[in-house]
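Source file coords.cif; content: mmCIF, N, CA, C and O atoms and all ligand atoms.
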```cif
data_start
#
loop_
_atom_site.label_atom_id
_atom_site.label_comp_id
_atom_site.auth_asym_id
_atom_site.auth_seq_id
_atom_site.Cartn_x
_atom_site.Cartn_y
_atom_site.Cartn_z
N MET A 1 0.83 -1.20 0.00
CA MET A 1 0.00 0.00 0.00
C MET A 1 0.87 1.25 0.00
O MET A 1 0.41 2.35 -0.22
N SER A 2 2.16 1.12 0.29
CA SER A 2 3.02 2.30 0.38
C SER A 2 3.21 2.94 -0.99
O SER A 2 3.43 4.15 -1.08
N THR A 3 3.10 2.12 -2.05
CA THR A 3 3.27 2.69 -3.38
C THR A 3 2.06 3.51 -3.79
O THR A 3 2.14 4.34 -4.67
N LEU A 4 0.93 3.28 -3.12
CA LEU A 4 -0.30 3.97 -3.47
C LEU A 4 -0.18 5.47 -3.23
O LEU A 4 -0.74 6.28 -3.96
N VAL A 5 0.57 5.83 -2.22
CA VAL A 5 0.69 7.25 -1.85
C VAL A 5 1.34 8.06 -2.97
O VAL A 5 0.97 9.20 -3.24
N HIS A 6 2.29 7.46 -3.64
CA HIS A 6 3.02 8.19 -4.67
C HIS A 6 2.34 8.12 -6.03
O HIS A 6 2.84 8.70 -6.99
N GLN A 7 1.24 7.38 -6.11
CA GLN A 7 0.56 7.22 -7.39
C GLN A 7 -0.42 8.37 -7.62
O GLN A 7 -0.96 8.93 -6.68
N ARG A 8 -0.64 8.65 -8.87
CA ARG A 8 -1.61 9.67 -9.25
C ARG A 8 -2.80 9.00 -9.94
O ARG A 8 -2.68 7.90 -10.46
N CYS A 9 -3.91 9.70 -9.94
CA CYS A 9 -5.11 9.15 -10.57
C CYS A 9 -4.92 9.01 -12.08
O CYS A 9 -4.27 9.85 -12.71
N PHE A 10 -5.47 7.94 -12.62
CA PHE A 10 -5.34 7.68 -14.05
C PHE A 10 -6.05 8.76 -14.86
O PHE A 10 -5.61 9.14 -15.95
N ASN A 11 -7.15 9.28 -14.34
CA ASN A 11 -7.92 10.29 -15.06
C ASN A 11 -7.49 11.71 -14.69
O ASN A 11 -7.58 12.62 -15.51
N HIS A 12 -7.06 11.88 -13.44
CA HIS A 12 -6.68 13.21 -12.97
C HIS A 12 -5.22 13.17 -12.54
O HIS A 12 -4.91 12.61 -11.49
N ALA A 13 -4.37 13.78 -13.32
CA ALA A 13 -2.93 13.72 -13.07
C ALA A 13 -2.53 14.49 -11.81
O ALA A 13 -1.48 14.22 -11.23
N THR A 14 -3.36 15.43 -11.39
CA THR A 14 -2.99 16.24 -10.24
C THR A 14 -3.47 15.64 -8.93
O THR A 14 -3.02 16.07 -7.87
N ARG A 15 -4.34 14.65 -9.00
CA ARG A 15 -4.91 14.11 -7.77
C ARG A 15 -4.16 12.86 -7.33
O ARG A 15 -3.72 12.06 -8.15
N GLU A 16 -4.13 12.69 -6.00
CA GLU A 16 -3.49 11.52 -5.43
C GLU A 16 -4.42 10.31 -5.56
O GLU A 16 -5.63 10.44 -5.37
N ALA A 17 -3.83 9.18 -5.84
CA ALA A 17 -4.64 7.97 -5.95
C ALA A 17 -4.99 7.45 -4.57
O ALA A 17 -4.16 7.49 -3.65
N VAL A 18 -6.23 6.96 -4.42
CA VAL A 18 -6.65 6.39 -3.14
C VAL A 18 -6.96 4.91 -3.28
O VAL A 18 -7.05 4.19 -2.29
N ALA A 19 -7.15 4.46 -4.48
CA ALA A 19 -7.51 3.06 -4.67
C ALA A 19 -6.98 2.55 -5.99
O ALA A 19 -6.69 3.32 -6.91
N ARG A 20 -6.87 1.23 -6.06
CA ARG A 20 -6.42 0.60 -7.29
C ARG A 20 -7.53 -0.32 -7.78
O ARG A 20 -8.05 -1.15 -7.03
N CYS A 21 -7.87 -0.17 -9.05
CA CYS A 21 -8.93 -1.00 -9.62
C CYS A 21 -8.42 -2.42 -9.78
O CYS A 21 -7.38 -2.64 -10.38
N PRO A 22 -9.13 -3.42 -9.23
CA PRO A 22 -8.66 -4.81 -9.34
C PRO A 22 -8.77 -5.38 -10.76
O PRO A 22 -8.15 -6.38 -11.07
N ALA A 23 -9.56 -4.73 -11.59
CA ALA A 23 -9.77 -5.26 -12.94
C ALA A 23 -8.70 -4.78 -13.91
O ALA A 23 -8.12 -5.57 -14.64
N CYS A 24 -8.44 -3.47 -13.91
CA CYS A 24 -7.49 -2.93 -14.89
C CYS A 24 -6.15 -2.56 -14.26
O CYS A 24 -5.25 -2.12 -14.95
N ARG A 25 -6.02 -2.72 -12.94
CA ARG A 25 -4.77 -2.49 -12.20
C ARG A 25 -4.31 -1.05 -12.29
O ARG A 25 -3.13 -0.78 -12.13
N ARG A 26 -5.20 -0.12 -12.55
CA ARG A 26 -4.81 1.28 -12.61
C ARG A 26 -5.17 1.96 -11.29
O ARG A 26 -6.07 1.51 -10.58
N PHE A 27 -4.50 3.07 -11.03
CA PHE A 27 -4.76 3.82 -9.80
C PHE A 27 -5.77 4.93 -10.08
O PHE A 27 -5.76 5.55 -11.15
N PHE A 28 -6.62 5.16 -9.08
CA PHE A 28 -7.66 6.18 -9.27
C PHE A 28 -7.85 6.98 -8.00
O PHE A 28 -7.58 6.49 -6.90
N CYS A 29 -8.37 8.20 -8.17
CA CYS A 29 -8.68 9.04 -7.02
C CYS A 29 -10.07 8.69 -6.48
O CYS A 29 -10.77 7.85 -7.05
N ARG A 30 -10.46 9.37 -5.40
CA ARG A 30 -11.72 9.03 -4.73
C ARG A 30 -12.92 9.23 -5.66
O ARG A 30 -13.92 8.53 -5.57
N GLU A 31 -12.83 10.20 -6.53
CA GLU A 31 -13.96 10.50 -7.41
C GLU A 31 -14.13 9.48 -8.53
O GLU A 31 -15.21 9.33 -9.07
N CYS A 32 -13.05 8.84 -8.89
CA CYS A 32 -13.08 7.98 -10.07
C CYS A 32 -13.44 6.53 -9.76
O CYS A 32 -13.65 5.74 -10.66
N VAL A 33 -13.49 6.16 -8.47
CA VAL A 33 -13.81 4.78 -8.11
C VAL A 33 -15.20 4.71 -7.49
O VAL A 33 -15.68 5.65 -6.86
N THR A 34 -15.83 3.57 -7.69
CA THR A 34 -17.14 3.32 -7.07
C THR A 34 -17.13 1.91 -6.51
O THR A 34 -16.41 1.04 -7.00
N GLU A 35 -17.97 1.71 -5.49
CA GLU A 35 -18.03 0.38 -4.89
C GLU A 35 -19.09 -0.44 -5.58
O GLU A 35 -20.20 0.04 -5.86
N HIS A 36 -18.74 -1.68 -5.88
CA HIS A 36 -19.68 -2.57 -6.55
C HIS A 36 -19.45 -3.98 -6.03
O HIS A 36 -18.36 -4.52 -6.18
N ASP A 37 -20.49 -4.55 -5.40
CA ASP A 37 -20.42 -5.90 -4.83
C ASP A 37 -19.28 -6.02 -3.82
O ASP A 37 -18.57 -7.03 -3.79
N GLY A 38 -19.07 -4.97 -3.02
CA GLY A 38 -18.05 -5.00 -2.01
C GLY A 38 -16.65 -4.77 -2.54
O GLY A 38 -15.68 -4.84 -1.79
N ARG A 39 -16.51 -4.50 -3.85
CA ARG A 39 -15.21 -4.26 -4.43
C ARG A 39 -15.16 -2.84 -4.96
O ARG A 39 -16.15 -2.34 -5.50
N VAL A 40 -14.01 -2.22 -4.83
CA VAL A 40 -13.83 -0.87 -5.35
C VAL A 40 -13.33 -0.98 -6.80
O VAL A 40 -12.32 -1.63 -7.06
N MET A 41 -14.05 -0.38 -7.70
CA MET A 41 -13.69 -0.47 -9.12
C MET A 41 -13.74 0.91 -9.76
O MET A 41 -14.41 1.81 -9.27
N CYS A 42 -13.03 1.05 -10.85
CA CYS A 42 -13.11 2.30 -11.60
C CYS A 42 -14.39 2.30 -12.43
O CYS A 42 -14.96 1.24 -12.73
N SER A 43 -14.83 3.48 -12.81
CA SER A 43 -16.12 3.59 -13.50
C SER A 43 -16.09 2.89 -14.86
O SER A 43 -17.11 2.39 -15.32
N ALA A 44 -14.93 2.87 -15.50
CA ALA A 44 -14.84 2.23 -16.82
C ALA A 44 -15.06 0.72 -16.72
O ALA A 44 -15.80 0.14 -17.50
N CYS A 45 -14.42 0.11 -15.71
CA CYS A 45 -14.58 -1.33 -15.52
C CYS A 45 -15.99 -1.66 -15.06
O CYS A 45 -16.55 -2.68 -15.43
N LEU A 46 -16.55 -0.78 -14.22
CA LEU A 46 -17.90 -1.00 -13.72
C LEU A 46 -18.90 -0.97 -14.87
O LEU A 46 -19.83 -1.78 -14.93
N ARG A 47 -18.69 -0.05 -15.80
CA ARG A 47 -19.57 0.05 -16.96
C ARG A 47 -19.47 -1.22 -17.81
O ARG A 47 -20.46 -1.73 -18.31
N GLN A 48 -18.24 -1.71 -17.94
CA GLN A 48 -18.02 -2.91 -18.74
C GLN A 48 -18.70 -4.13 -18.11
O GLN A 48 -19.28 -4.96 -18.82
N ILE A 49 -18.64 -4.20 -16.78
CA ILE A 49 -19.24 -5.33 -16.08
C ILE A 49 -20.76 -5.28 -16.17
O ILE A 49 -21.43 -6.26 -16.48
N SER A 50 -21.31 -4.09 -15.90
CA SER A 50 -22.76 -3.98 -15.84
C SER A 50 -23.40 -4.01 -17.22
O SER A 50 -24.61 -4.16 -17.33
N ARG A 51 -22.60 -3.87 -18.27
CA ARG A 51 -23.18 -3.87 -19.60
C ARG A 51 -23.54 -5.29 -20.05
O ARG A 51 -24.56 -5.50 -20.70
N VAL A 52 -22.75 -6.28 -19.65
CA VAL A 52 -22.89 -7.62 -20.23
C VAL A 52 -24.17 -8.34 -19.78
O VAL A 52 -25.02 -8.64 -20.61
N PRO A 53 -24.33 -8.64 -18.48
CA PRO A 53 -25.48 -9.49 -18.14
C PRO A 53 -26.75 -8.67 -17.89
O PRO A 53 -27.09 -8.41 -16.76
N LEU A 54 -27.42 -8.27 -18.93
CA LEU A 54 -28.63 -7.46 -18.80
C LEU A 54 -29.74 -8.26 -18.14
O LEU A 54 -30.48 -7.74 -17.31
N LEU A 55 -29.85 -9.54 -18.49
CA LEU A 55 -30.93 -10.37 -17.95
C LEU A 55 -30.70 -10.72 -16.49
O LEU A 55 -31.63 -11.08 -15.79
N GLN A 56 -29.44 -10.62 -16.02
CA GLN A 56 -29.15 -10.99 -14.65
C GLN A 56 -29.22 -9.80 -13.71
O GLN A 56 -29.08 -9.97 -12.51
N ARG A 57 -29.42 -8.60 -14.24
CA ARG A 57 -29.54 -7.44 -13.37
C ARG A 57 -30.81 -7.55 -12.55
O ARG A 57 -31.87 -7.88 -13.09
N PRO A 58 -30.74 -7.33 -11.23
CA PRO A 58 -31.92 -7.50 -10.38
C PRO A 58 -33.10 -6.64 -10.81
O PRO A 58 -34.24 -7.10 -10.83
N ALA A 59 -32.83 -5.39 -11.17
CA ALA A 59 -33.92 -4.50 -11.56
C ALA A 59 -34.57 -4.99 -12.85
O ALA A 59 -35.80 -5.02 -12.97
N PHE A 60 -33.74 -5.41 -13.78
CA PHE A 60 -34.28 -5.87 -15.06
C PHE A 60 -35.03 -7.18 -14.90
O PHE A 60 -36.10 -7.38 -15.47
N ALA A 61 -34.48 -8.09 -14.07
CA ALA A 61 -35.15 -9.37 -13.86
C ALA A 61 -36.49 -9.17 -13.18
O ALA A 61 -37.48 -9.83 -13.53
N GLY A 62 -36.55 -8.23 -12.22
CA GLY A 62 -37.81 -7.93 -11.55
C GLY A 62 -38.83 -7.38 -12.52
O GLY A 62 -40.00 -7.78 -12.51
N ALA A 63 -38.39 -6.48 -13.37
CA ALA A 63 -39.29 -5.90 -14.37
C ALA A 63 -39.77 -6.96 -15.34
O ALA A 63 -40.93 -6.98 -15.75
N LEU A 64 -38.87 -7.88 -15.69
CA LEU A 64 -39.24 -8.95 -16.62
C LEU A 64 -40.30 -9.85 -16.00
O LEU A 64 -41.28 -10.23 -16.65
N ARG A 65 -40.09 -10.20 -14.70
CA ARG A 65 -41.05 -11.05 -14.01
C ARG A 65 -42.41 -10.36 -13.92
O ARG A 65 -43.45 -10.97 -14.11
N MET A 66 -42.38 -9.05 -13.60
CA MET A 66 -43.61 -8.28 -13.52
C MET A 66 -44.32 -8.27 -14.87
O MET A 66 -45.54 -8.44 -14.95
N GLY A 67 -43.54 -8.09 -15.93
CA GLY A 67 -44.12 -8.08 -17.27
C GLY A 67 -44.76 -9.41 -17.62
O GLY A 67 -45.84 -9.47 -18.22
N GLN A 68 -44.11 -10.51 -17.20
CA GLN A 68 -44.66 -11.83 -17.46
C GLN A 68 -45.96 -12.04 -16.70
O GLN A 68 -46.90 -12.64 -17.22
N CYS A 69 -46.02 -11.52 -15.46
CA CYS A 69 -47.25 -11.62 -14.67
C CYS A 69 -48.39 -10.88 -15.36
O CYS A 69 -49.50 -11.41 -15.50
N VAL A 70 -48.10 -9.65 -15.80
CA VAL A 70 -49.13 -8.85 -16.48
C VAL A 70 -49.57 -9.55 -17.76
O VAL A 70 -50.77 -9.62 -18.07
N LEU A 71 -48.60 -10.09 -18.49
CA LEU A 71 -48.92 -10.78 -19.74
C LEU A 71 -49.79 -12.01 -19.48
O LEU A 71 -50.76 -12.27 -20.20
N GLY A 72 -49.46 -12.75 -18.41
CA GLY A 72 -50.25 -13.93 -18.05
C GLY A 72 -51.68 -13.55 -17.69
O GLY A 72 -52.64 -14.19 -18.14
N LEU A 73 -51.82 -12.48 -16.90
CA LEU A 73 -53.16 -12.01 -16.51
C LEU A 73 -53.95 -11.58 -17.74
O LEU A 73 -55.14 -11.87 -17.87
N LEU A 74 -53.27 -10.89 -18.66
CA LEU A 74 -53.92 -10.45 -19.90
C LEU A 74 -54.39 -11.65 -20.72
O LEU A 74 -55.50 -11.65 -21.27
N LEU A 75 -53.55 -12.69 -20.77
CA LEU A 75 -53.90 -13.90 -21.52
C LEU A 75 -55.13 -14.57 -20.90
O LEU A 75 -56.05 -14.98 -21.61
N VAL A 76 -55.13 -14.68 -19.55
CA VAL A 76 -56.27 -15.28 -18.86
C VAL A 76 -57.53 -14.46 -19.12
O VAL A 76 -58.60 -15.01 -19.42
N TRP A 77 -57.39 -13.14 -18.99
CA TRP A 77 -58.54 -12.26 -19.23
C TRP A 77 -59.05 -12.42 -20.65
O TRP A 77 -60.26 -12.53 -20.88
N PHE A 78 -58.15 -12.48 -21.60
CA PHE A 78 -58.55 -12.61 -22.99
C PHE A 78 -59.24 -13.95 -23.24
O PHE A 78 -60.23 -14.04 -23.97
N PHE A 79 -58.73 -15.01 -22.58
CA PHE A 79 -59.31 -16.34 -22.73
C PHE A 79 -60.77 -16.34 -22.26
O PHE A 79 -61.68 -16.79 -22.96
N PHE A 80 -60.98 -15.78 -21.05
CA PHE A 80 -62.35 -15.77 -20.52
C PHE A 80 -63.24 -14.81 -21.29
O PHE A 80 -64.45 -15.03 -21.39
N TYR A 81 -62.63 -13.75 -21.84
CA TYR A 81 -63.40 -12.84 -22.68
C TYR A 81 -63.92 -13.58 -23.92
O TYR A 81 -65.08 -13.45 -24.30
N LEU A 82 -63.04 -14.41 -24.50
CA LEU A 82 -63.43 -15.19 -25.69
C LEU A 82 -64.52 -16.19 -25.33
O LEU A 82 -65.48 -16.38 -26.09
N VAL A 83 -64.37 -16.84 -24.15
CA VAL A 83 -65.39 -17.80 -23.70
C VAL A 83 -66.73 -17.10 -23.54
O VAL A 83 -67.78 -17.59 -23.99
N GLY A 84 -66.69 -15.91 -22.90
CA GLY A 84 -67.92 -15.14 -22.71
C GLY A 84 -68.53 -14.73 -24.02
O GLY A 84 -69.76 -14.83 -24.21
N ALA A 85 -67.68 -14.30 -24.95
CA ALA A 85 -68.19 -13.88 -26.26
C ALA A 85 -68.81 -15.06 -27.00
O ALA A 85 -69.85 -14.92 -27.65
N ALA A 86 -68.18 -16.24 -26.87
CA ALA A 86 -68.72 -17.44 -27.52
C ALA A 86 -70.07 -17.81 -26.91
O ALA A 86 -71.00 -18.19 -27.63
N LEU A 87 -70.18 -17.70 -25.58
CA LEU A 87 -71.45 -18.01 -24.92
C LEU A 87 -72.54 -17.03 -25.34
O LEU A 87 -73.70 -17.42 -25.52
N LEU A 88 -72.16 -15.77 -25.48
CA LEU A 88 -73.13 -14.76 -25.90
C LEU A 88 -73.56 -14.98 -27.34
O LEU A 88 -74.69 -14.66 -27.72
N ALA A 89 -72.66 -15.55 -28.14
CA ALA A 89 -72.96 -15.74 -29.56
C ALA A 89 -73.94 -16.88 -29.77
O ALA A 89 -74.59 -16.97 -30.82
N ILE A 90 -74.05 -17.78 -28.77
CA ILE A 90 -74.99 -18.90 -28.90
C ILE A 90 -76.41 -18.34 -28.87
O ILE A 90 -76.77 -17.62 -27.93
N PRO A 91 -77.24 -18.62 -29.84
CA PRO A 91 -78.60 -18.09 -29.85
C PRO A 91 -79.43 -18.66 -28.71
O PRO A 91 -79.21 -19.79 -28.25
N THR A 92 -80.38 -17.88 -28.24
CA THR A 92 -81.22 -18.30 -27.12
C THR A 92 -82.02 -19.55 -27.47
O THR A 92 -82.32 -20.38 -26.60
N SER A 93 -82.35 -19.70 -28.73
CA SER A 93 -83.16 -20.85 -29.15
C SER A 93 -82.41 -22.17 -28.98
O SER A 93 -83.01 -23.24 -28.96
N PHE A 94 -81.06 -22.08 -28.83
CA PHE A 94 -80.26 -23.29 -28.66
C PHE A 94 -80.64 -24.03 -27.40
O PHE A 94 -80.71 -25.26 -27.36
N HIS A 95 -80.97 -23.28 -26.36
CA HIS A 95 -81.35 -23.92 -25.10
C HIS A 95 -82.80 -24.40 -25.13
O HIS A 95 -83.16 -25.26 -24.34
N GLU A 96 -83.58 -23.79 -25.94
CA GLU A 96 -85.00 -24.13 -26.08
C GLU A 96 -85.74 -24.03 -24.76
O GLU A 96 -86.72 -24.73 -24.53
N GLY A 97 -85.24 -23.21 -23.86
CA GLY A 97 -85.92 -22.99 -22.60
C GLY A 97 -86.03 -24.22 -21.73
O GLY A 97 -86.91 -24.31 -20.88
N THR A 98 -85.14 -25.17 -21.88
CA THR A 98 -85.23 -26.41 -21.11
C THR A 98 -84.11 -26.57 -20.11
O THR A 98 -84.06 -27.57 -19.39
N LEU A 99 -83.21 -25.62 -20.07
CA LEU A 99 -81.98 -25.79 -19.29
C LEU A 99 -82.24 -25.86 -17.79
O LEU A 99 -81.55 -26.56 -17.06
N TRP A 100 -83.24 -25.16 -17.31
CA TRP A 100 -83.47 -25.10 -15.87
C TRP A 100 -84.38 -26.22 -15.39
O TRP A 100 -84.65 -26.34 -14.22
N ARG A 101 -84.88 -27.06 -16.29
CA ARG A 101 -85.72 -28.17 -15.86
C ARG A 101 -84.86 -29.24 -15.19
O ARG A 101 -83.71 -29.47 -15.57
N ALA A 102 -85.46 -29.92 -14.22
CA ALA A 102 -84.70 -30.83 -13.36
C ALA A 102 -84.07 -31.97 -14.15
O ALA A 102 -82.91 -32.29 -13.98
N ASN A 103 -84.84 -32.61 -14.98
CA ASN A 103 -84.35 -33.80 -15.67
C ASN A 103 -84.28 -33.58 -17.17
O ASN A 103 -84.68 -34.43 -17.95
N TRP A 104 -83.71 -32.44 -17.56
CA TRP A 104 -83.73 -32.09 -18.96
C TRP A 104 -82.82 -33.01 -19.77
O TRP A 104 -83.00 -33.21 -20.94
N TRP A 105 -81.82 -33.65 -19.10
CA TRP A 105 -80.92 -34.52 -19.84
C TRP A 105 -81.50 -35.90 -20.07
O TRP A 105 -80.99 -36.66 -20.86
N GLU A 106 -82.57 -36.26 -19.31
CA GLU A 106 -83.17 -37.58 -19.47
C GLU A 106 -84.24 -37.61 -20.54
O GLU A 106 -84.62 -38.67 -21.03
N SER A 107 -84.79 -36.43 -20.83
CA SER A 107 -85.91 -36.39 -21.78
C SER A 107 -85.42 -36.58 -23.22
O SER A 107 -84.29 -36.29 -23.53
ZN ZN A 201 -10.71 -0.56 -13.82
ZN ZN A 202 -9.65 10.79 -10.74
#
```
Give the structure from the file, written as structure tokens.
Ligand SMILES: [Zn+2]
Ligand SMILES: [Zn+2]
Amino acid sequence: MSTLVHQRCFNHATREAVARCPACRRFFCRECVTEHDGRVMCSACLRQISRVPLLQRPAFAGALRMGQCVLGLLLVWFFFYLVGAALLAIPTSFHEGTLWRANWWES
């Protein structure tokens, strides 16, 4: 860590380095590093990491799950809407007014 004191930031030549990025091994000042998953990284490496797994990002995965729920509900709603429309399309004469009789299936 003693070499860190004499290092300068990779982006700011006038600033003293406070951390070293584990990914690119460069030194950075306090402004240029951010913490990610308990590790201190430079913003360039952080951008590179967060760019790749879009589907694994918690926010994106949550939104995807929510979207799937909404889509499922819409599908169910549409299914029952179609069933209702089909039932409405059946003419009243189809029942011939016998549906409520007790033994209409035996006659
Ligand atoms: Zn880096
Ligand atoms: Zn800097």
Contacts to ligand ZN 201 (chain A) at 8 Å cut-off (only C-alpha atoms and all ligand atoms) as a list in words:
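Every residue with an atom at most 8 Å from ligand ZN 201 (chain A) is listed here: Arg20, Cys21, Pro22, Ala23, Cys24, Arg25, Arg26, Met41, Cys42, Ser43, Ala44, Cys45 and Leu46 of chain A.
Minimum atom-to-atom distance to ligand ZN 202 (chain A), evaluated using only N, CA, C and O atoms and all ligand atoms, belongs to A:Cys29 out of A:Ala17, A:Cys29, A:Ala89, A:Leu71.
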Rank nothing, just name the residue among A:Gln7, A:Phe28, A:Val76, A:Ala86 nearest to ligand ZN 202 (chain A), using only N, CA, C and O atoms and all ligand atoms.
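Under the stated criterion, the closest residue is A:Phe28.
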From region 7-94 of chain A, collect each residue whose DSSP state is alpha helix (DSSP H) and return the set as a PyMOL selection string.
chain A and resi 43-51+58-89
Give me, as a tab-separated table, each residue of chain A that comes within 7 Å of ligand ZN 202 (chain A), together with its shortest interatomic pair and the distance in Å at one decimal, counting all atoms listed in the file, with rows ordered by chain and rising residue number.
```
residue	atom	partner	partner_atom	distance
A:Cys9	CA	A:ZN202	ZN	4.8
A:Phe10	N	A:ZN202	ZN	5.4
A:Asn11	C	A:ZN202	ZN	4.6
A:His12	N	A:ZN202	ZN	3.9
A:Ala13	N	A:ZN202	ZN	6.6
A:Arg15	CA	A:ZN202	ZN	6.5
A:Glu16	O	A:ZN202	ZN	6.7
A:Phe27	O	A:ZN202	ZN	6.5
A:Phe28	C	A:ZN202	ZN	5.0
A:Cys29	N	A:ZN202	ZN	3.9
A:Arg30	N	A:ZN202	ZN	5.6
A:Glu31	C	A:ZN202	ZN	5.2
A:Cys32	N	A:ZN202	ZN	4.3
A:Val33	N	A:ZN202	ZN	6.4
```
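As for CA of Arg8 (chain A) and atom O of Thr34 (chain A), they are spaced 17.3 Å apart.
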Would you compute the distance between CA of Leu75 (chain A) and CA of Thr92 (chain A)? Give it in Å to one decimal.
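According to the coordinates, CA of Leu75 (chain A) and CA of Thr92 (chain A) are separated by 28.2 Å.
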Interatomic distance (Å, one decimal) between atom O of Phe79 (chain A) and atom N of Leu64 (chain A)
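For atom O of Phe79 (chain A) relative to atom N of Leu64 (chain A), the distance reads 25.5 Å.
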Residue list (strand (DSSP E or B), DSSP) for region 6-105 of chain A, as a PyMOL selection string:
chain A and resi 8+16+19-20+27-28+33-36+39-42
